[in-house]
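One structure below.
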Amino acid sequence: MIEREYTSDVTADRSGEQVAVAGRVHDVRDLGGIVFLILRDARGELQVVFKEEDDADLFERVQELNREAVVRIEGEVTASDQAPGGVEMVPDSLEVISESTTPLPMEVSKDVDANLDTRLDQRFMDLRKPEVRAVFSLRSKLLAGMTAWFDEEGFTNVDTPLLSQAGAEGGADLFPVLYYDKEAFLSQSPQLYKQILMGADFDRIYEVGKAFRAEDFGTSRHVSEIGMFDVELSYIEDHDDVMDVQEDSLRASIEYATEHAQRELDVLEVDPELPDERFPRISFSEARSILETEYDHVPEDADDLDTKGEKLLGEYFEEQGHPAFFVVGFPNEKFYYMQDVPGDDIASRKFDLIYRGQEISSGGQREHDYERLLQRMEEDGVDPESFDFYLDAFEYGMPPHGGYGLGIDRLVQKVADLDNIREAILFPRDPERLTP
Ligand code: AMO
């Protein structure tokens, strides 16, 4: 490894010590006879002061540097009241590791705003901004906290195929791919495989994977390649058991992030801490009636909540101190695999989790009865013959089970309080974007 310290470790109390730092030339300010170089590395910035009278050769070389060049500087730590963070460095040597061309395709400075398209076009440069990269360290910690919870609770981490012959949830949103001489599809959900694994006695599983949806939405909450945290568990009493898992794991994830990503949360100026009370669980009809009586809003589709409806309900519960809540029992649930129990006082055992005014996860109890599943498929116009590989797992005995899919990108978007889901994805894919 190249010998260096992070700028965040170069503190005023180390005044007088010799250190080496490496990173980018964030800025060079020439004040005539004195040049301030701001060096930026992965963890912060450090001011390095070059004086003509101290070393004319170094002074000349620093003036030739372009912003964003990669350098390594050795020198002495000096406490200084005028310097940012009360510390600066007086250099002994300057090594240019990699030059940068000028002009830059976009500014890395926090004070210069670029629109989202420009930022995504120049993503490598955009990601050099600490506040942009912070989103991804936060994302990493949220996932670490969540997977740690599932490992602790005895769930097995699985991988299901991304290439398949048939889609899990119907045809329209599938991306076809050429698979040798046949047509195959990118996975839109690991749904069918999660359930097959329940039929294979995996008991409790989770998968951190990808889902692909050829949806033609140009919204701030839809993308075509989705980060998905999928969960499935057996021997549940009903959908409430699944919601418990969803809530507890989300709490663990956010708690872990507040413990291990405090710096990132500070940079992003957000505080995702959840209240101690359990998330409210309201029925679909209660949700509709709150919208109608409190906001005079009636979503167009009688069987669903629209984006505006989710947002308004979010405001309603936020005011009562609940950033997250479940809506349970969607009528005419379109997925054949969801359980619809005759005589239930709710329409279906499907739930959505709404967090900060946006659906971030969806799941429920599944139909585990082979005959009823066949019937549901036929009612929905799904040809059971194309799903033999799935149905076989039911024919020979299937425990009651349920699960959910949590949209990781939406979770990160909401925790980091980002306007657009694309900001929560390193290289987002949408109908208009396939590069970089
Ligand atoms: P669903 O289709 O509701 O359910 O998806 C689950 C979650 O995935 C996220 N999501 C998306 N995020 C960004 N862009 C999209 N285009 C997009 N589509 C979905 C959302 C959503 O809540 N098989 C079921 C899950 C289950 O029941 O286990 C499913 O995929 O956060």
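Labeling convention for the structure tokens: chains A, B, ... as they appear, residues from 1 per chain, ligands from 1 in order of appearance.
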With a cut-off of 8 Å, could you pull out the residues of chain A touching ligand 1 and give me the nearest pair of atoms for each, distance in Å to one decimal, using only C-alpha atoms and all ligand atoms, ordered by chain and ascending number, as a tab-separated table?
residue	atom	partner	partner_atom_place_in_ligand_line	distance
A:Ala168	CA	ligand 1	23 (N)	7.4
A:Glu169	CA	ligand 1	23 (N)	7.1
A:Gln188	CA	ligand 1	30 (O)	7.0
A:Ser189	CA	ligand 1	30 (O)	5.0
A:Pro190	CA	ligand 1	23 (N)	6.8
A:Gln191	CA	ligand 1	23 (N)	4.8
A:Ala211	CA	ligand 1	30 (O)	8.0
A:Phe212	CA	ligand 1	16 (N)	7.8
A:Arg213	CA	ligand 1	16 (N)	5.8
A:Ala214	CA	ligand 1	16 (N)	7.9
A:Glu215	CA	ligand 1	16 (N)	6.3
A:Phe217	CA	ligand 1	16 (N)	7.6
A:Arg221	CA	ligand 1	13 (C)	5.7
A:His222	CA	ligand 1	14 (N)	3.4
A:Val223	CA	ligand 1	14 (N)	4.1
A:Ser224	CA	ligand 1	16 (N)	5.5
A:Glu225	CA	ligand 1	14 (N)	7.1
A:Ile226	CA	ligand 1	13 (C)	5.4
A:Gly227	CA	ligand 1	12 (N)	7.5
A:Met228	CA	ligand 1	8 (O)	6.3
A:Asp230	CA	ligand 1	28 (O)	6.2
A:Val231	CA	ligand 1	28 (O)	6.6
A:Glu232	CA	ligand 1	28 (O)	7.1
A:Met338	CA	ligand 1	27 (O)	7.6
A:Lys350	CA	ligand 1	27 (O)	7.8
A:Asp352	CA	ligand 1	22 (O)	6.7
A:Leu353	CA	ligand 1	22 (O)	7.3
A:Glu359	CA	ligand 1	22 (O)	5.3
A:Ile360	CA	ligand 1	31 (O)	3.6
A:Ser361	CA	ligand 1	22 (O)	3.4
A:Ser362	CA	ligand 1	22 (O)	4.5
A:Gly363	CA	ligand 1	27 (O)	3.5
A:Gly364	CA	ligand 1	27 (O)	5.9
A:Gly402	CA	ligand 1	28 (O)	7.5
A:Gly403	CA	ligand 1	28 (O)	4.9
A:Tyr404	CA	ligand 1	28 (O)	3.2
A:Gly405	CA	ligand 1	25 (C)	3.9
A:Leu406	CA	ligand 1	7 (C)	4.8
A:Gly407	CA	ligand 1	31 (O)	3.4
A:Ile408	CA	ligand 1	31 (O)	6.9
A:Asp409	CA	ligand 1	12 (N)	6.5
A:Arg410	CA	ligand 1	31 (O)	5.6
A:Leu411	CA	ligand 1	31 (O)	7.4
A:Ile421	CA	ligand 1	13 (C)	7.4
Legend entry - Close residues, Met198 of chain A itself excluded, 9 Å, only C-alpha atoms, min 4 positions apart in chain, as number ranges by chain: A: 193-194, 202-205, 232-234, 393, 398-401
Inset, instruction - May I ask which of the residues A:Gly321, A:Gly199, A:Glu17, A:Gln365 is the closest one to Ile236 of chain A, counting only C-alpha atoms? - result: A:Gln365
Inset, instruction - Show which residues sit within 6 Å of segment 61-75 of chain A, as a PyMOL selection string. Count only C-alpha atoms, and ignore same-chain residues fewer than 2 positions away. - result: chain A and resi 18-27+58-59+90-100
Would you write out those residues with N, CA, C and O atoms, as an mmCIF file, in the first residue's frame?
data_model
loop_
_atom_site.group_PDB
_atom_site.id
_atom_site.type_symbol
_atom_site.label_atom_id
_atom_site.label_comp_id
_atom_site.auth_asym_id
_atom_site.auth_seq_id
_atom_site.Cartn_x
_atom_site.Cartn_y
_atom_site.Cartn_z
ATOM 1 N N GLN A 18 5.280 14.757 11.364
ATOM 2 C CA GLN A 18 5.426 14.577 9.910
ATOM 3 C C GLN A 18 4.373 13.572 9.435
ATOM 4 O O GLN A 18 4.245 12.513 10.042
ATOM 5 N N VAL A 19 3.624 13.911 8.410
ATOM 6 C CA VAL A 19 2.639 12.954 7.888
ATOM 7 C C VAL A 19 2.652 12.954 6.354
ATOM 8 O O VAL A 19 3.184 13.878 5.731
ATOM 9 N N ALA A 20 2.061 11.915 5.787
ATOM 10 C CA ALA A 20 1.857 11.856 4.334
ATOM 11 C C ALA A 20 0.366 11.707 4.082
ATOM 12 O O ALA A 20 -0.293 10.916 4.747
ATOM 13 N N VAL A 21 -0.142 12.502 3.142
ATOM 14 C CA VAL A 21 -1.558 12.370 2.766
ATOM 15 C C VAL A 21 -1.619 12.200 1.248
ATOM 16 O O VAL A 21 -0.703 12.617 0.536
ATOM 17 N N ALA A 22 -2.688 11.580 0.772
ATOM 18 C CA ALA A 22 -2.841 11.403 -0.675
ATOM 19 C C ALA A 22 -4.300 11.604 -1.042
ATOM 20 O O ALA A 22 -5.197 11.219 -0.292
ATOM 21 N N GLY A 23 -4.514 12.224 -2.188
ATOM 22 C CA GLY A 23 -5.892 12.465 -2.607
ATOM 23 C C GLY A 23 -5.918 13.384 -3.808
ATOM 24 O O GLY A 23 -4.955 13.432 -4.582
ATOM 25 N N ARG A 24 -7.004 14.124 -3.920
ATOM 26 C CA ARG A 24 -7.178 14.984 -5.094
ATOM 27 C C ARG A 24 -6.957 16.458 -4.773
ATOM 28 O O ARG A 24 -7.193 16.899 -3.650
ATOM 29 N N VAL A 25 -6.540 17.183 -5.792
ATOM 30 C CA VAL A 25 -6.434 18.638 -5.666
ATOM 31 C C VAL A 25 -7.860 19.183 -5.780
ATOM 32 O O VAL A 25 -8.423 19.244 -6.870
ATOM 33 N N HIS A 26 -8.444 19.498 -4.638
ATOM 34 C CA HIS A 26 -9.828 19.987 -4.658
ATOM 35 C C HIS A 26 -9.868 21.427 -5.144
ATOM 36 O O HIS A 26 -10.742 21.829 -5.900
ATOM 37 N N ASP A 27 -8.879 22.194 -4.700
ATOM 38 C CA ASP A 27 -8.840 23.607 -5.074
ATOM 39 C C ASP A 27 -7.423 24.140 -4.874
ATOM 40 O O ASP A 27 -6.701 23.644 -4.014
ATOM 41 N N LEU A 58 8.822 23.905 -5.117
ATOM 42 C CA LEU A 58 7.499 23.361 -4.759
ATOM 43 C C LEU A 58 6.413 24.369 -5.124
ATOM 44 O O LEU A 58 5.339 24.011 -5.634
ATOM 45 N N PHE A 59 6.703 25.633 -4.837
ATOM 46 C CA PHE A 59 5.731 26.712 -5.066
ATOM 47 C C PHE A 59 5.357 26.798 -6.550
ATOM 48 O O PHE A 59 4.191 26.953 -6.917
ATOM 49 N N VAL A 90 2.272 22.004 6.282
ATOM 50 C CA VAL A 90 3.352 22.705 5.580
ATOM 51 C C VAL A 90 4.152 21.629 4.836
ATOM 52 O O VAL A 90 4.706 20.723 5.455
ATOM 53 N N PRO A 91 4.155 21.699 3.493
ATOM 54 C CA PRO A 91 4.677 20.557 2.715
ATOM 55 C C PRO A 91 6.199 20.515 2.620
ATOM 56 O O PRO A 91 6.859 21.548 2.603
ATOM 57 N N ASP A 92 6.713 19.282 2.526
ATOM 58 C CA ASP A 92 8.133 19.062 2.219
ATOM 59 C C ASP A 92 8.288 18.524 0.805
ATOM 60 O O ASP A 92 9.280 18.771 0.143
ATOM 61 N N SER A 93 7.280 17.731 0.398
ATOM 62 C CA SER A 93 7.368 17.151 -0.948
ATOM 63 C C SER A 93 5.994 17.011 -1.548
ATOM 64 O O SER A 93 4.985 16.907 -0.831
ATOM 65 N N LEU A 94 5.971 17.011 -2.885
ATOM 66 C CA LEU A 94 4.718 16.896 -3.629
ATOM 67 C C LEU A 94 4.946 15.925 -4.778
ATOM 68 O O LEU A 94 5.826 16.140 -5.611
ATOM 69 N N GLU A 95 4.164 14.852 -4.789
ATOM 70 C CA GLU A 95 4.293 13.873 -5.871
ATOM 71 C C GLU A 95 2.982 13.853 -6.651
ATOM 72 O O GLU A 95 1.909 13.683 -6.056
ATOM 73 N N VAL A 96 3.077 14.062 -7.961
ATOM 74 C CA VAL A 96 1.865 13.999 -8.781
ATOM 75 C C VAL A 96 1.700 12.550 -9.250
ATOM 76 O O VAL A 96 2.492 12.045 -10.029
ATOM 77 N N ILE A 97 0.673 11.897 -8.742
ATOM 78 C CA ILE A 97 0.454 10.481 -9.074
ATOM 79 C C ILE A 97 -0.287 10.349 -10.397
ATOM 80 O O ILE A 97 -0.004 9.492 -11.205
ATOM 81 N N SER A 98 -1.262 11.234 -10.619
ATOM 82 C CA SER A 98 -2.038 11.191 -11.867
ATOM 83 C C SER A 98 -2.572 12.581 -12.174
ATOM 84 O O SER A 98 -3.221 13.201 -11.341
ATOM 85 N N GLU A 99 -2.277 13.035 -13.392
ATOM 86 C CA GLU A 99 -2.730 14.368 -13.814
ATOM 87 C C GLU A 99 -4.226 14.349 -14.123
ATOM 88 O O GLU A 99 -4.782 13.300 -14.433
ATOM 89 N N SER A 100 -4.861 15.501 -14.083
ATOM 90 C CA SER A 100 -6.251 15.618 -14.525
ATOM 91 C C SER A 100 -6.316 16.685 -15.616
ATOM 92 O O SER A 100 -5.608 17.686 -15.556
#
Filtered DSSP result for segment 240-418 of chain A, state helix (DSSP H, G or I), as a tab-separated table (two decimals) with C-alpha atoms, in the first residue's frame:
chain	number	residue	atom	x	y	z
A	240	ASP	CA	-49.14	-10.09	10.75
A	241	ASP	CA	-46.16	-12.39	11.31
A	242	VAL	CA	-44.68	-11.17	8.03
A	243	MET	CA	-45.23	-7.53	8.96
A	244	ASP	CA	-43.47	-8.15	12.27
A	245	VAL	CA	-40.40	-9.38	10.39
A	246	GLN	CA	-40.56	-6.40	8.03
A	247	GLU	CA	-40.84	-3.92	10.87
A	248	ASP	CA	-38.20	-5.47	13.14
A	249	SER	CA	-35.64	-5.82	10.38
A	250	LEU	CA	-36.23	-2.25	9.21
A	251	ARG	CA	-35.78	-1.00	12.76
A	252	ALA	CA	-32.53	-2.99	13.08
A	253	SER	CA	-31.29	-1.61	9.78
A	254	ILE	CA	-31.94	2.01	10.71
A	255	GLU	CA	-30.52	1.52	14.18
A	256	TYR	CA	-27.35	0.03	12.74
A	257	ALA	CA	-27.03	2.92	10.29
A	258	THR	CA	-27.43	5.50	13.04
A	259	GLU	CA	-24.67	3.74	14.97
A	260	HIS	CA	-22.29	3.12	12.06
A	262	GLN	CA	-23.48	8.90	11.81
A	263	ARG	CA	-20.95	10.87	9.75
A	264	GLU	CA	-22.93	10.16	6.56
A	265	LEU	CA	-26.24	11.05	8.25
A	266	ASP	CA	-24.68	14.34	9.39
A	267	VAL	CA	-23.36	15.10	5.91
A	268	LEU	CA	-26.83	14.41	4.50
A	284	PHE	CA	-57.21	-0.45	2.97
A	285	SER	CA	-60.71	0.91	3.60
A	286	GLU	CA	-59.47	2.97	6.57
A	287	ALA	CA	-56.75	4.40	4.34
A	288	ARG	CA	-59.33	5.36	1.71
A	289	SER	CA	-61.60	6.93	4.27
A	290	ILE	CA	-58.77	9.03	5.82
A	291	LEU	CA	-57.96	10.31	2.32
A	292	GLU	CA	-61.56	11.16	1.62
A	293	THR	CA	-62.52	12.76	4.92
A	294	GLU	CA	-59.23	14.53	5.75
A	295	TYR	CA	-58.03	15.50	2.29
A	307	THR	CA	-48.90	8.31	-5.37
A	308	LYS	CA	-50.72	11.37	-4.06
A	309	GLY	CA	-52.73	9.19	-1.69
A	310	GLU	CA	-49.58	7.61	-0.24
A	311	LYS	CA	-48.05	11.03	0.19
A	312	LEU	CA	-51.11	12.43	1.98
A	313	LEU	CA	-51.39	9.39	4.24
A	314	GLY	CA	-47.69	9.82	4.95
A	315	GLU	CA	-48.34	13.40	6.09
A	316	TYR	CA	-51.29	12.26	8.18
A	317	PHE	CA	-49.28	9.65	10.08
A	318	GLU	CA	-46.12	11.79	10.25
A	319	GLU	CA	-48.17	14.41	12.12
A	370	TYR	CA	-52.54	-26.27	-4.44
A	371	GLU	CA	-56.12	-26.45	-5.69
A	372	ARG	CA	-56.97	-22.88	-4.74
A	373	LEU	CA	-53.75	-21.66	-6.33
A	374	LEU	CA	-54.63	-23.43	-9.59
A	375	GLN	CA	-58.07	-21.87	-9.46
A	376	ARG	CA	-56.64	-18.38	-8.83
A	377	MET	CA	-54.25	-18.76	-11.75
A	378	GLU	CA	-57.05	-19.76	-14.05
A	379	GLU	CA	-59.23	-16.87	-12.89
A	384	PRO	CA	-50.71	-23.18	-15.17
A	385	GLU	CA	-48.77	-25.30	-17.65
A	386	SER	CA	-46.09	-22.63	-17.99
A	387	PHE	CA	-45.70	-22.69	-14.21
A	388	ASP	CA	-45.27	-26.43	-13.63
A	389	PHE	CA	-41.88	-25.89	-12.01
A	390	TYR	CA	-43.62	-23.68	-9.43
A	391	LEU	CA	-46.81	-25.62	-8.95
A	392	ASP	CA	-44.96	-28.93	-8.38
A	393	ALA	CA	-43.62	-27.49	-5.14
A	394	PHE	CA	-47.23	-27.12	-3.93
A	395	GLU	CA	-48.59	-30.44	-5.09
A	408	ILE	CA	-33.77	-1.01	-1.46
A	409	ASP	CA	-33.44	2.07	-3.67
A	410	ARG	CA	-36.68	3.52	-2.31
A	411	LEU	CA	-35.60	2.80	1.25
A	412	VAL	CA	-32.30	4.62	0.72
A	413	GLN	CA	-34.08	7.46	-1.10
A	414	LYS	CA	-36.40	7.98	1.86
A	415	VAL	CA	-33.80	7.54	4.63
Legend entry - Neighbour list for Ser80 of chain A as a VMD selection string, cut-off 12 Å, only C-alpha atoms, skip fewer than 6 positions in-chain: chain A and resid 11 to 16 46 to 49 86 to 90
Inset, instruction - If you run DSSP over the backbone, which residues in segment 347-434 of chain A end up strand (DSSP E)? Put them as a ChimeraX atom specification. - result: /A:350-355,358-365,401-407
With N, CA, C and O atoms kept, could you save the residues just selected as a CSV table (one decimal), in the first residue's frame?
chain,number,residue,atom,x,y,z
A,350,LYS,N,-52.7,-9.1,1.8
A,350,LYS,CA,-51.5,-8.3,1.2
A,350,LYS,C,-51.4,-7.0,1.9
A,350,LYS,O,-52.3,-6.4,2.3
A,351,PHE,N,-50.1,-6.6,2.2
A,351,PHE,CA,-49.8,-5.3,2.8
A,351,PHE,C,-48.8,-4.5,2.0
A,351,PHE,O,-48.0,-5.1,1.3
A,352,ASP,N,-48.8,-3.2,2.2
A,352,ASP,CA,-47.8,-2.3,1.7
A,352,ASP,C,-47.2,-1.6,2.9
A,352,ASP,O,-48.0,-1.3,3.8
A,353,LEU,N,-45.9,-1.4,2.9
A,353,LEU,CA,-45.3,-0.5,4.0
A,353,LEU,C,-45.1,0.8,3.4
A,353,LEU,O,-44.4,0.9,2.3
A,354,ILE,N,-45.6,1.8,4.0
A,354,ILE,CA,-45.4,3.2,3.5
A,354,ILE,C,-44.5,3.9,4.5
A,354,ILE,O,-44.7,3.9,5.7
A,355,TYR,N,-43.4,4.4,4.0
A,355,TYR,CA,-42.4,5.1,4.8
A,355,TYR,C,-42.1,6.5,4.2
A,355,TYR,O,-41.8,6.6,3.1
A,358,GLN,N,-44.1,7.1,1.0
A,358,GLN,CA,-43.9,6.3,-0.2
A,358,GLN,C,-43.9,4.9,0.1
A,358,GLN,O,-43.3,4.4,1.1
A,359,GLU,N,-44.6,4.1,-0.8
A,359,GLU,CA,-44.5,2.6,-0.6
A,359,GLU,C,-43.1,2.2,-0.8
A,359,GLU,O,-42.5,2.5,-1.8
A,360,ILE,N,-42.5,1.5,0.2
A,360,ILE,CA,-41.2,1.0,0.0
A,360,ILE,C,-41.1,-0.6,0.0
A,360,ILE,O,-40.1,-1.2,-0.4
A,361,SER,N,-42.2,-1.2,0.5
A,361,SER,CA,-42.2,-2.6,0.5
A,361,SER,C,-43.7,-3.2,0.3
A,361,SER,O,-44.6,-2.5,0.7
A,362,SER,N,-43.7,-4.4,-0.2
A,362,SER,CA,-45.1,-5.0,-0.4
A,362,SER,C,-44.9,-6.5,-0.2
A,362,SER,O,-44.0,-7.1,-0.6
A,363,GLY,N,-46.0,-7.1,0.4
A,363,GLY,CA,-45.9,-8.5,0.7
A,363,GLY,C,-47.2,-9.0,1.3
A,363,GLY,O,-48.2,-8.3,1.2
A,364,GLY,N,-47.1,-10.2,1.9
A,364,GLY,CA,-48.3,-10.7,2.5
A,364,GLY,C,-48.2,-12.2,2.7
A,364,GLY,O,-47.2,-12.8,2.6
A,365,GLN,N,-49.4,-12.8,3.1
A,365,GLN,CA,-49.5,-14.2,3.2
A,365,GLN,C,-49.8,-14.8,1.8
A,365,GLN,O,-50.6,-14.2,1.0
A,401,HIS,N,-47.1,-19.9,4.3
A,401,HIS,CA,-45.9,-19.0,4.3
A,401,HIS,C,-46.3,-17.6,3.8
A,401,HIS,O,-47.4,-17.4,3.3
A,402,GLY,N,-45.3,-16.7,3.9
A,402,GLY,CA,-45.5,-15.4,3.4
A,402,GLY,C,-44.2,-14.7,3.3
A,402,GLY,O,-43.2,-15.2,3.7
A,403,GLY,N,-44.2,-13.5,2.8
A,403,GLY,CA,-43.0,-12.8,2.6
A,403,GLY,C,-43.2,-11.4,2.0
A,403,GLY,O,-44.4,-11.0,1.8
A,404,TYR,N,-42.2,-10.7,1.6
A,404,TYR,CA,-42.3,-9.4,1.0
A,404,TYR,C,-41.1,-9.1,0.2
A,404,TYR,O,-40.0,-9.8,0.3
A,405,GLY,N,-41.2,-8.1,-0.6
A,405,GLY,CA,-40.1,-7.5,-1.3
A,405,GLY,C,-40.0,-6.0,-0.9
A,405,GLY,O,-40.9,-5.3,-1.1
A,406,LEU,N,-38.8,-5.7,-0.5
A,406,LEU,CA,-38.5,-4.3,-0.1
A,406,LEU,C,-37.6,-3.7,-1.1
A,406,LEU,O,-36.6,-4.2,-1.5
A,407,GLY,N,-38.1,-2.5,-1.7
A,407,GLY,CA,-37.3,-1.8,-2.7
A,407,GLY,C,-36.2,-1.1,-2.0
A,407,GLY,O,-36.4,-0.1,-1.3
Legend entry - Using only C-alpha atoms: which of A:Arg356, A:Arg281, A:Arg433, A:His368 has the shortest distance to Tyr396 of chain A: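 Answer, going by the shortest atom-to-atom distance: A:His368.
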Inset, instruction - Select, from A:Leu31, A:Leu186, A:Leu197, A:Val177, the residue with the minimum atom-to-atom distance to Asn157 of chain A, counting only C-alpha atoms. - result: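 Under the stated criterion, the closest residue is A:Leu197.
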